[in-house]
$ cat my_file_6.txt   # compact mmCIF, C-alpha atoms
# COMPACT_ATOMS: atom_id res chain seq x y z
CA MET A 131 -79.30 -86.70 -29.59
CA GLU A 132 -80.37 -84.00 -32.04
CA MET A 133 -81.67 -81.99 -29.15
CA PHE A 134 -78.34 -82.30 -27.35
CA LEU A 135 -76.37 -81.18 -30.42
CA MET A 136 -78.65 -78.17 -30.90
CA VAL A 137 -78.24 -77.05 -27.29
CA ALA A 138 -74.48 -77.52 -27.51
CA THR A 139 -74.28 -75.55 -30.76
CA VAL A 140 -76.33 -72.68 -29.31
CA SER A 141 -74.21 -72.65 -26.18
CA LEU A 142 -71.03 -72.63 -28.21
CA LEU A 143 -72.34 -69.83 -30.37
CA GLY A 144 -73.31 -67.81 -27.30
CA MET A 145 -69.92 -68.36 -25.82
CA VAL A 146 -68.16 -67.23 -29.03
CA VAL A 147 -70.32 -64.11 -29.17
CA SER A 148 -69.61 -63.37 -25.52
CA VAL A 149 -65.87 -63.80 -26.01
CA GLY A 150 -65.99 -61.57 -29.11
CA LEU A 151 -67.91 -58.86 -27.27
CA PHE A 152 -65.55 -59.10 -24.31
CA ALA A 153 -62.48 -58.84 -26.55
CA ALA A 154 -63.92 -55.83 -28.37
CA ALA A 155 -64.76 -54.13 -25.11
CA THR A 156 -61.32 -54.66 -23.62
CA ARG A 157 -59.55 -53.52 -26.84
CA GLU A 158 -61.43 -50.23 -26.75
CA ASN A 159 -60.29 -49.67 -23.22
CA SER A 160 -56.63 -50.31 -23.97
CA SER A 161 -56.27 -48.50 -27.30
CA GLY A 162 -58.67 -45.63 -26.75
CA PRO A 163 -57.53 -42.11 -26.14
CA GLU A 164 -56.10 -41.77 -22.74
CA VAL A 165 -58.09 -39.71 -20.44
CA GLN A 166 -55.99 -36.85 -19.22
CA VAL A 167 -56.48 -36.83 -15.56
CA GLU A 168 -55.38 -33.57 -14.18
CA GLN A 169 -53.09 -34.50 -11.39
CA PRO A 170 -52.72 -31.87 -8.80
CA LEU A 171 -49.24 -30.37 -9.14
CA PRO A 172 -46.99 -31.13 -6.27
CA ALA A 173 -47.09 -28.28 -3.95
CA ALA A 174 -43.90 -26.22 -3.96
CA PRO A 175 -41.91 -26.63 -0.81
CA PRO A 176 -42.75 -23.83 1.53
CA ARG A 177 -40.15 -21.08 1.57
CA PHE A 178 -40.40 -19.62 4.94
CA PHE A 179 -39.46 -15.98 5.35
CA LEU A 180 -38.58 -15.74 1.65
CA ALA A 181 -41.11 -13.01 1.04
CA GLU A 182 -39.67 -11.03 3.90
CA ARG A 183 -36.15 -11.25 2.57
CA VAL A 184 -36.38 -8.52 -0.01
CA PRO A 185 -33.01 -7.90 -1.64
CA THR A 186 -31.83 -4.47 -0.70
CA ALA A 187 -28.67 -2.62 -1.65
CA GLN A 188 -26.09 -2.30 1.08
CA PRO A 189 -26.18 1.22 2.47
CA ARG A 190 -23.05 2.82 1.11
CA VAL A 191 -21.28 5.50 3.05
CA PRO A 192 -20.68 8.57 0.90
CA VAL A 193 -17.02 9.12 0.09
CA GLU A 194 -16.99 12.48 1.84
CA VAL A 195 -18.26 10.87 5.06
CA LEU A 196 -15.76 8.06 4.69
CA LEU A 197 -12.92 10.56 4.26
CA LEU A 198 -13.99 12.38 7.41
CA GLN A 199 -14.08 9.07 9.25
CA ILE A 200 -10.58 8.22 8.01
CA GLU A 201 -9.32 11.64 9.08
CA ARG A 202 -10.87 11.22 12.51
CA HIS A 203 -9.42 7.73 12.76
CA VAL A 204 -5.92 8.99 11.90
CA ARG A 205 -6.15 11.80 14.46
CA LEU A 206 -7.35 9.44 17.18
CA GLU A 207 -4.69 6.88 16.35
CA GLN A 208 -1.99 9.53 16.29
CA ALA A 209 -3.12 10.82 19.67
CA ALA A 210 -3.12 7.26 21.03
CA ALA A 211 0.36 6.65 19.63
CA GLU A 212 1.65 9.89 21.16
CA SER A 213 0.15 8.91 24.52
CA PHE A 214 1.98 5.61 24.23
CA LEU A 215 5.25 7.44 23.56
CA ASP A 216 4.67 9.61 26.64
CA ALA A 217 4.11 6.54 28.80
CA PRO A 218 5.13 3.38 26.95
CA THR A 219 3.07 0.53 28.40
CA ILE A 220 1.23 -2.36 26.78
CA LYS A 221 -2.03 -0.90 28.06
CA SER A 222 -1.42 2.50 26.45
CA LEU A 223 -0.20 0.88 23.23
CA HIS A 224 -3.42 -1.10 22.83
CA SER A 225 -5.84 1.40 24.35
CA ARG A 226 -9.33 1.29 22.89
CA THR A 227 -10.37 3.76 20.24
CA THR A 228 -13.73 5.38 19.53
CA SER A 229 -12.97 5.54 15.82
CA PRO A 230 -16.05 4.65 13.73
CA LEU A 231 -13.79 2.81 11.30
CA VAL A 232 -12.99 0.22 13.92
CA HIS A 233 -16.44 -0.23 15.48
CA MET B 75 5.62 32.35 15.42
CA THR B 76 4.18 31.04 18.64
CA ASP B 77 5.56 31.66 22.12
CA SER B 78 7.11 28.21 22.22
CA ARG B 79 10.47 27.83 20.54
CA PRO B 80 10.38 26.21 17.07
CA ASP B 81 11.56 22.62 17.18
CA LEU B 82 14.25 23.37 14.59
CA LEU B 83 15.88 25.98 16.83
CA ALA B 84 16.00 23.96 20.05
CA GLY B 85 19.40 24.25 21.69
CA LEU B 86 20.48 27.38 19.80
CA ASN B 87 21.07 30.65 21.62
CA HIS B 88 19.26 33.82 20.54
CA ASP B 89 21.93 35.02 18.11
CA GLU B 90 22.37 31.62 16.54
CA ALA B 91 18.62 31.26 16.11
CA THR B 92 18.34 34.74 14.60
CA GLU B 93 21.13 34.03 12.12
CA LEU B 94 19.52 30.78 11.11
CA LEU B 95 16.06 32.35 10.71
CA ALA B 96 17.62 35.03 8.49
CA LEU B 97 18.41 32.29 5.96
CA GLY B 98 14.73 31.58 5.45
CA SER B 99 12.38 33.27 3.04
CA ARG B 100 8.72 33.67 3.89
CA VAL B 101 6.19 31.80 1.73
CA SER B 102 2.49 32.61 1.98
CA LEU B 103 -0.02 29.93 1.10
CA SER B 104 -3.71 30.45 0.55
CA SER B 105 -6.26 27.91 1.73
CA GLY B 106 -5.91 24.71 -0.28
CA GLU B 107 -2.58 25.65 -1.82
CA VAL B 108 -0.01 22.91 -2.23
CA LEU B 109 3.42 23.40 -0.63
CA PHE B 110 4.95 20.27 -2.17
CA ARG B 111 3.92 17.01 -3.74
CA MET B 112 5.00 13.47 -3.04
CA GLY B 113 7.88 12.42 -5.31
CA SER B 114 8.98 15.94 -6.17
CA GLU B 115 12.52 17.07 -5.46
CA ALA B 116 12.93 18.24 -1.90
CA GLY B 117 14.95 21.41 -2.20
CA SER B 118 13.75 23.21 0.92
CA LEU B 119 13.00 22.62 4.56
CA TYR B 120 10.04 24.54 6.00
CA LEU B 121 9.21 25.97 9.37
CA VAL B 122 5.51 26.67 9.94
CA GLU B 123 5.07 30.23 11.16
CA ARG B 124 1.32 30.64 10.96
CA GLY B 125 -1.64 28.46 10.00
CA ARG B 126 -1.24 24.76 9.40
CA ILE B 127 0.21 22.25 6.95
CA ALA B 128 -1.65 19.01 6.26
CA LEU B 129 0.52 16.09 5.23
CA THR B 130 -1.43 13.63 3.12
CA LEU B 131 -0.92 10.45 1.17
CA PRO B 132 -2.95 9.25 -1.82
CA MET B 133 -5.24 6.31 -1.03
CA GLN B 134 -7.94 4.40 -2.93
CA VAL B 135 -11.27 5.20 -1.29
CA ALA B 136 -14.39 3.68 -2.86
CA GLY B 137 -12.57 3.33 -6.17
CA ARG B 138 -11.35 6.91 -6.14
CA GLU B 139 -7.92 8.24 -5.38
CA GLU B 140 -8.17 10.55 -2.43
CA ASP B 141 -5.62 12.41 -0.37
CA VAL B 142 -5.89 11.09 3.15
CA LEU B 143 -4.55 13.06 6.11
CA VAL B 144 -1.52 11.46 7.69
CA GLU B 145 -0.24 14.23 9.91
CA GLU B 146 -0.71 17.89 10.58
CA ARG B 147 1.96 20.47 11.36
CA SER B 148 1.30 23.57 13.44
CA PRO B 149 3.27 26.80 14.01
CA GLY B 150 6.75 26.08 15.33
CA GLN B 151 6.96 22.68 13.70
CA THR B 152 9.24 21.62 10.86
CA VAL B 153 8.05 20.19 7.54
CA GLY B 154 10.02 18.70 4.69
CA TRP B 155 13.03 17.11 6.32
CA SER B 156 13.50 15.16 3.09
CA ALA B 157 15.40 18.27 1.94
CA LEU B 158 18.30 17.20 4.17
CA ILE B 159 18.08 13.43 3.73
CA PRO B 160 19.02 11.63 0.49
CA PRO B 161 17.52 10.96 -2.01
CA TYR B 162 15.95 14.41 -1.43
CA ARG B 163 12.42 13.48 -2.51
CA PHE B 164 9.26 14.35 -0.64
CA THR B 165 7.40 11.29 0.59
CA LEU B 166 4.09 13.05 1.34
CA ASN B 167 1.88 15.76 -0.09
CA ALA B 168 1.82 19.01 1.89
CA THR B 169 -1.14 21.35 1.63
CA ALA B 170 -2.29 24.38 3.56
CA PRO B 171 -5.86 23.77 4.79
CA LEU B 172 -6.10 27.45 5.68
CA GLU B 173 -4.08 30.60 5.08
CA THR B 174 -0.58 29.71 6.15
CA GLU B 175 2.90 31.16 6.28
CA VAL B 176 6.09 29.14 6.31
CA LEU B 177 9.77 29.97 6.34
CA ALA B 178 11.57 28.13 3.54
CA PHE B 179 15.22 27.19 3.99
CA THR B 180 16.95 25.91 0.87
CA ARG B 181 19.22 22.94 1.31
CA SER B 182 22.19 24.79 -0.13
CA SER B 183 21.78 27.76 2.23
CA LEU B 184 21.53 25.45 5.24
CA LEU B 185 24.51 23.32 4.24
CA ASP B 186 26.62 26.44 3.58
CA HIS B 187 25.70 27.76 7.01
CA PHE B 188 26.41 24.44 8.68
CA GLY B 189 29.79 24.33 6.90
CA ARG B 190 30.73 27.68 8.37
CA TRP B 191 29.25 26.90 11.82
CA PRO B 192 29.59 23.16 12.40
CA VAL B 193 28.26 23.32 15.95
CA ILE B 194 25.06 24.94 14.71
CA GLY B 195 24.93 22.34 11.96
CA TYR B 196 25.21 19.62 14.58
CA ILE B 197 22.46 21.09 16.76
CA VAL B 198 20.05 21.69 13.88
CA THR B 199 20.73 18.25 12.40
CA ARG B 200 20.00 16.75 15.81
CA ASN B 201 16.74 18.69 15.91
CA VAL B 202 15.80 17.37 12.47
CA ALA B 203 16.70 13.85 13.61
CA SER B 204 14.40 14.36 16.56
CA VAL B 205 11.52 15.31 14.23
CA ILE B 206 12.21 12.24 12.10
CA GLY B 207 12.55 9.96 15.11
CA GLN B 208 9.32 11.24 16.64
CA ARG B 209 7.43 10.54 13.44
CA LEU B 210 8.97 7.10 13.18
CA GLN B 211 7.93 6.22 16.72
CA VAL B 212 4.39 7.54 16.28
CA PHE B 213 3.89 5.64 13.06
CA GLN B 214 5.44 2.52 14.51
CA ALA B 215 2.90 2.58 17.32
CA MET B 216 0.04 3.35 14.91
CA TRP B 217 1.11 0.48 12.68
CA LEU B 218 1.30 -1.94 15.59
CA ARG B 219 -2.20 -0.95 16.74
CA GLU B 220 -3.56 -1.69 13.27
CA VAL B 221 -1.77 -5.05 13.13
CA GLN B 222 -3.18 -5.90 16.56
CA ARG B 223 -6.69 -5.26 15.23
CA LEU B 224 -6.03 -7.46 12.22
CA VAL B 225 -4.86 -10.23 14.50
CA GLN B 226 -7.96 -9.87 16.67
CA LEU B 227 -10.18 -10.07 13.57
CA ARG B 228 -8.32 -13.22 12.47
CA CYS B 229 -8.71 -14.85 15.85
CA ALA B 230 -12.34 -13.79 16.33

$ encode --input "my_file_6.txt" --output "C-alpha cells"
Amino acid sequence: MEMFLMVATVSLLGMVVSVGLFAAATRENSSGPEVQVEQPLPAAPPRFFLAERVPTAQPRVPVEVLLLQIERHVRLEQAAAESFLDAPTIKSLHSRTTSPLVH
Amino acid sequence: MTDSRPDLLAGLNHDEATELLALGSRVSLSSGEVLFRMGSEAGSLYLVERGRIALTLPMQVAGREEDVLVEERSPGQTVGWSALIPPYRFTLNATAPLETEVLAFTRSSLLDHFGRWPVIGYIVTRNVASVIGQRLQVFQAMWLREVQRLVQLRCA
C-alpha cells in the first residue's frame, strides 16, 4: 500500500511538472515578440506599353503657318463658291477641297 | 486701269463713264497701308485702279486676334459699297498688300451726280447692287459648304 501511494505521488508530481513546463512553453510562444516574416509584396499589375507611352506635347502649328492655311482655305473656298455660281449644281456646291484645314 | 471695264461703270457710255470717273480722287497706298477699318464711317466708295485691296476680318487664332483674309479686290473692282448703303459703316478691314492706287468717290459727290443724272444713278446703283449680290451669293455658298462639313463631322 505504501509502495502504491509513493508511485502515485511520484506520477502525480511528474504530471504536474509536465503540465507546468507545457504551459510555460506555450505561453512563451503566444506572448513572445512576433517574428516579422517578410512577405513578398504583391507584384504590381503589369502595365503593358506604359513605358512606351511617353507623354509628349501636341505639335502646335505656328500661328503664321495657320494664318497661311486659313488664307489658302478662304481662297479655295471662294473659288469653289464662284464655280458653283457659274454652274449651280449640288455636285459643284459640295465639291471636294484640298484645303489643309479640312483634311 | 485694266483693259476690262470697271464693274462700277458697266452699262455707261464713254462720256458718262468719263464724267463719273472725274468725280473720283486718286489715293495712293503703300504696301500694308490701311484704306479703311471695320466699324468706321463709310464716306467713300473706291474703285481699284492698280495693285490690290485685301478685305479682312478680325478672328481669334491661337488666342491672338488676327486679321484673316476674306476677299481680295483687283483692278477694275469696287470696294466699300457701305458708303452707299445705310448705316454707312464699313463691315470689313481694307488693306493694300502691295503698292496700290484707288479712285475714291465720296458719297455726297455721287449722290449729287445721281440727282442731276438719274439714269446714271440707276445704272451705277444697279452695278453696286450686282457687286453686293455677287458677294452675298459667294458667301452663301461658302457658308453652306462649311455647314455641310460640320454635318458630316456630326454624322461621322

$ closest_residue --input "my_file_6.txt" --among "B:Leu184, B:Ala168, B:Val101, B:Leu131" --to "chain A" --atoms "only C-alpha atoms"
B:Leu131

$ closest_residue --input "my_file_6.txt" --among "A:Ala210, A:Met136, A:Leu142, A:Leu231" --to "chain B" --atoms "only C-alpha atoms"
A:Ala210

$ interface_residues --input "my_file_6.txt" --of "chain A" --to "chain B" --cutoff "9 Å" --atoms "all atoms listed in the file" --output "PyMOL selection string"
chain A and resi 192-193+196-197+200-201+204-205+207-212+214-215+223-225+232

$ atom_distance --input "my_file_6.txt" --atom1 "CA of Pro160 in chain B" --atom2 "CA of Ser183 in chain B"
16.5 Å

$ closest_residue --input "my_file_6.txt" --among "B:Ser204, B:Asn87, B:Thr92, B:Thr130" --to "Thr165 in chain B" --atoms "all atoms listed in the file"
B:Thr130

$ closest_residue --input "my_file_6.txt" --among "B:Ser78, B:Ala84, B:Pro171, B:Glu93" --to "Trp191 in chain B" --atoms "only C-alpha atoms"
B:Glu93

$ atom_distance --input "my_file_6.txt" --atom1 "CA of Ser102 in chain B" --atom2 "CA of Thr199 in chain B"
25.4 Å

$ atom_distance --input "my_file_6.txt" --atom1 "CA of Ser182 in chain B" --atom2 "CA of Leu121 in chain B"
16.1 Å

$ decode --input "my_file_6.txt" --residues "range 153-225 of chain B" --atoms "C-alpha atoms" --output "mmCIF file, in the first residue's frame"
data_model
loop_
_atom_site.group_PDB
_atom_site.id
_atom_site.type_symbol
_atom_site.label_atom_id
_atom_site.label_comp_id
_atom_site.auth_asym_id
_atom_site.auth_seq_id
_atom_site.Cartn_x
_atom_site.Cartn_y
_atom_site.Cartn_z
ATOM 1 C CA VAL B 153 -14.602 98.331 -102.722
ATOM 2 C CA GLY B 154 -16.572 99.979 -99.960
ATOM 3 C CA TRP B 155 -20.170 99.822 -101.104
ATOM 4 C CA SER B 156 -21.137 100.521 -97.498
ATOM 5 C CA ALA B 157 -20.680 104.178 -98.487
ATOM 6 C CA LEU B 158 -23.983 103.972 -100.381
ATOM 7 C CA ILE B 159 -25.908 101.668 -98.038
ATOM 8 C CA PRO B 160 -27.167 102.743 -94.593
ATOM 9 C CA PRO B 161 -25.938 102.763 -91.865
ATOM 10 C CA TYR B 162 -22.793 103.783 -93.807
ATOM 11 C CA ARG B 163 -20.323 101.750 -91.736
ATOM 12 C CA PHE B 164 -17.596 99.549 -93.129
ATOM 13 C CA THR B 165 -18.065 95.905 -92.233
ATOM 14 C CA LEU B 166 -14.524 94.766 -93.114
ATOM 15 C CA ASN B 167 -10.959 95.998 -92.870
ATOM 16 C CA ALA B 168 -9.365 97.010 -96.173
ATOM 17 C CA THR B 169 -5.605 96.961 -96.570
ATOM 18 C CA ALA B 170 -3.254 97.240 -99.506
ATOM 19 C CA PRO B 171 -0.941 94.194 -99.532
ATOM 20 C CA LEU B 172 1.216 95.950 -102.109
ATOM 21 C CA GLU B 173 1.505 99.420 -103.609
ATOM 22 C CA THR B 174 -1.982 100.264 -104.730
ATOM 23 C CA GLU B 175 -3.962 103.093 -106.265
ATOM 24 C CA VAL B 176 -7.682 103.586 -105.883
ATOM 25 C CA LEU B 177 -10.163 106.190 -107.047
ATOM 26 C CA ALA B 178 -12.205 107.484 -104.110
ATOM 27 C CA PHE B 179 -15.746 108.711 -104.718
ATOM 28 C CA THR B 180 -17.359 110.497 -101.798
ATOM 29 C CA ARG B 181 -20.954 109.649 -101.091
ATOM 30 C CA SER B 182 -22.040 113.270 -101.410
ATOM 31 C CA SER B 183 -20.390 113.700 -104.821
ATOM 32 C CA LEU B 184 -22.003 110.514 -106.120
ATOM 33 C CA LEU B 185 -25.453 111.359 -104.771
ATOM 34 C CA ASP B 186 -25.243 114.887 -106.223
ATOM 35 C CA HIS B 187 -24.306 113.424 -109.589
ATOM 36 C CA PHE B 188 -27.066 110.836 -109.430
ATOM 37 C CA GLY B 189 -29.542 113.600 -108.548
ATOM 38 C CA ARG B 190 -28.613 115.508 -111.672
ATOM 39 C CA TRP B 191 -28.440 112.379 -113.872
ATOM 40 C CA PRO B 192 -30.952 109.874 -112.518
ATOM 41 C CA VAL B 193 -30.377 107.373 -115.310
ATOM 42 C CA ILE B 194 -26.677 107.247 -114.471
ATOM 43 C CA GLY B 195 -27.620 106.943 -110.818
ATOM 44 C CA TYR B 196 -29.843 103.998 -111.677
ATOM 45 C CA ILE B 197 -27.150 102.246 -113.716
ATOM 46 C CA VAL B 198 -24.400 102.772 -111.137
ATOM 47 C CA THR B 199 -26.685 101.727 -108.282
ATOM 48 C CA ARG B 200 -27.514 98.581 -110.222
ATOM 49 C CA ASN B 201 -23.806 97.921 -110.659
ATOM 50 C CA VAL B 202 -23.251 98.343 -106.930
ATOM 51 C CA ALA B 203 -26.183 96.006 -106.262
ATOM 52 C CA SER B 204 -24.527 93.489 -108.540
ATOM 53 C CA VAL B 205 -21.288 93.688 -106.517
ATOM 54 C CA ILE B 206 -23.256 93.227 -103.292
ATOM 55 C CA GLY B 207 -25.331 90.394 -104.715
ATOM 56 C CA GLN B 208 -22.266 88.586 -106.022
ATOM 57 C CA ARG B 209 -20.622 88.742 -102.617
ATOM 58 C CA LEU B 210 -23.794 87.542 -100.943
ATOM 59 C CA GLN B 211 -24.048 84.550 -103.255
ATOM 60 C CA VAL B 212 -20.381 83.624 -102.868
ATOM 61 C CA PHE B 213 -20.547 83.807 -99.105
ATOM 62 C CA GLN B 214 -23.821 81.931 -99.030
ATOM 63 C CA ALA B 215 -22.207 79.063 -100.920
ATOM 64 C CA MET B 216 -19.079 79.199 -98.736
ATOM 65 C CA TRP B 217 -21.217 79.134 -95.606
ATOM 66 C CA LEU B 218 -23.241 76.173 -96.851
ATOM 67 C CA ARG B 219 -20.055 74.228 -97.636
ATOM 68 C CA GLU B 220 -18.829 74.795 -94.087
ATOM 69 C CA VAL B 221 -22.168 73.741 -92.602
ATOM 70 C CA GLN B 222 -22.092 70.610 -94.763
ATOM 71 C CA ARG B 223 -18.691 69.720 -93.293
ATOM 72 C CA LEU B 224 -19.993 70.260 -89.772
ATOM 73 C CA VAL B 225 -22.899 67.959 -90.502
#
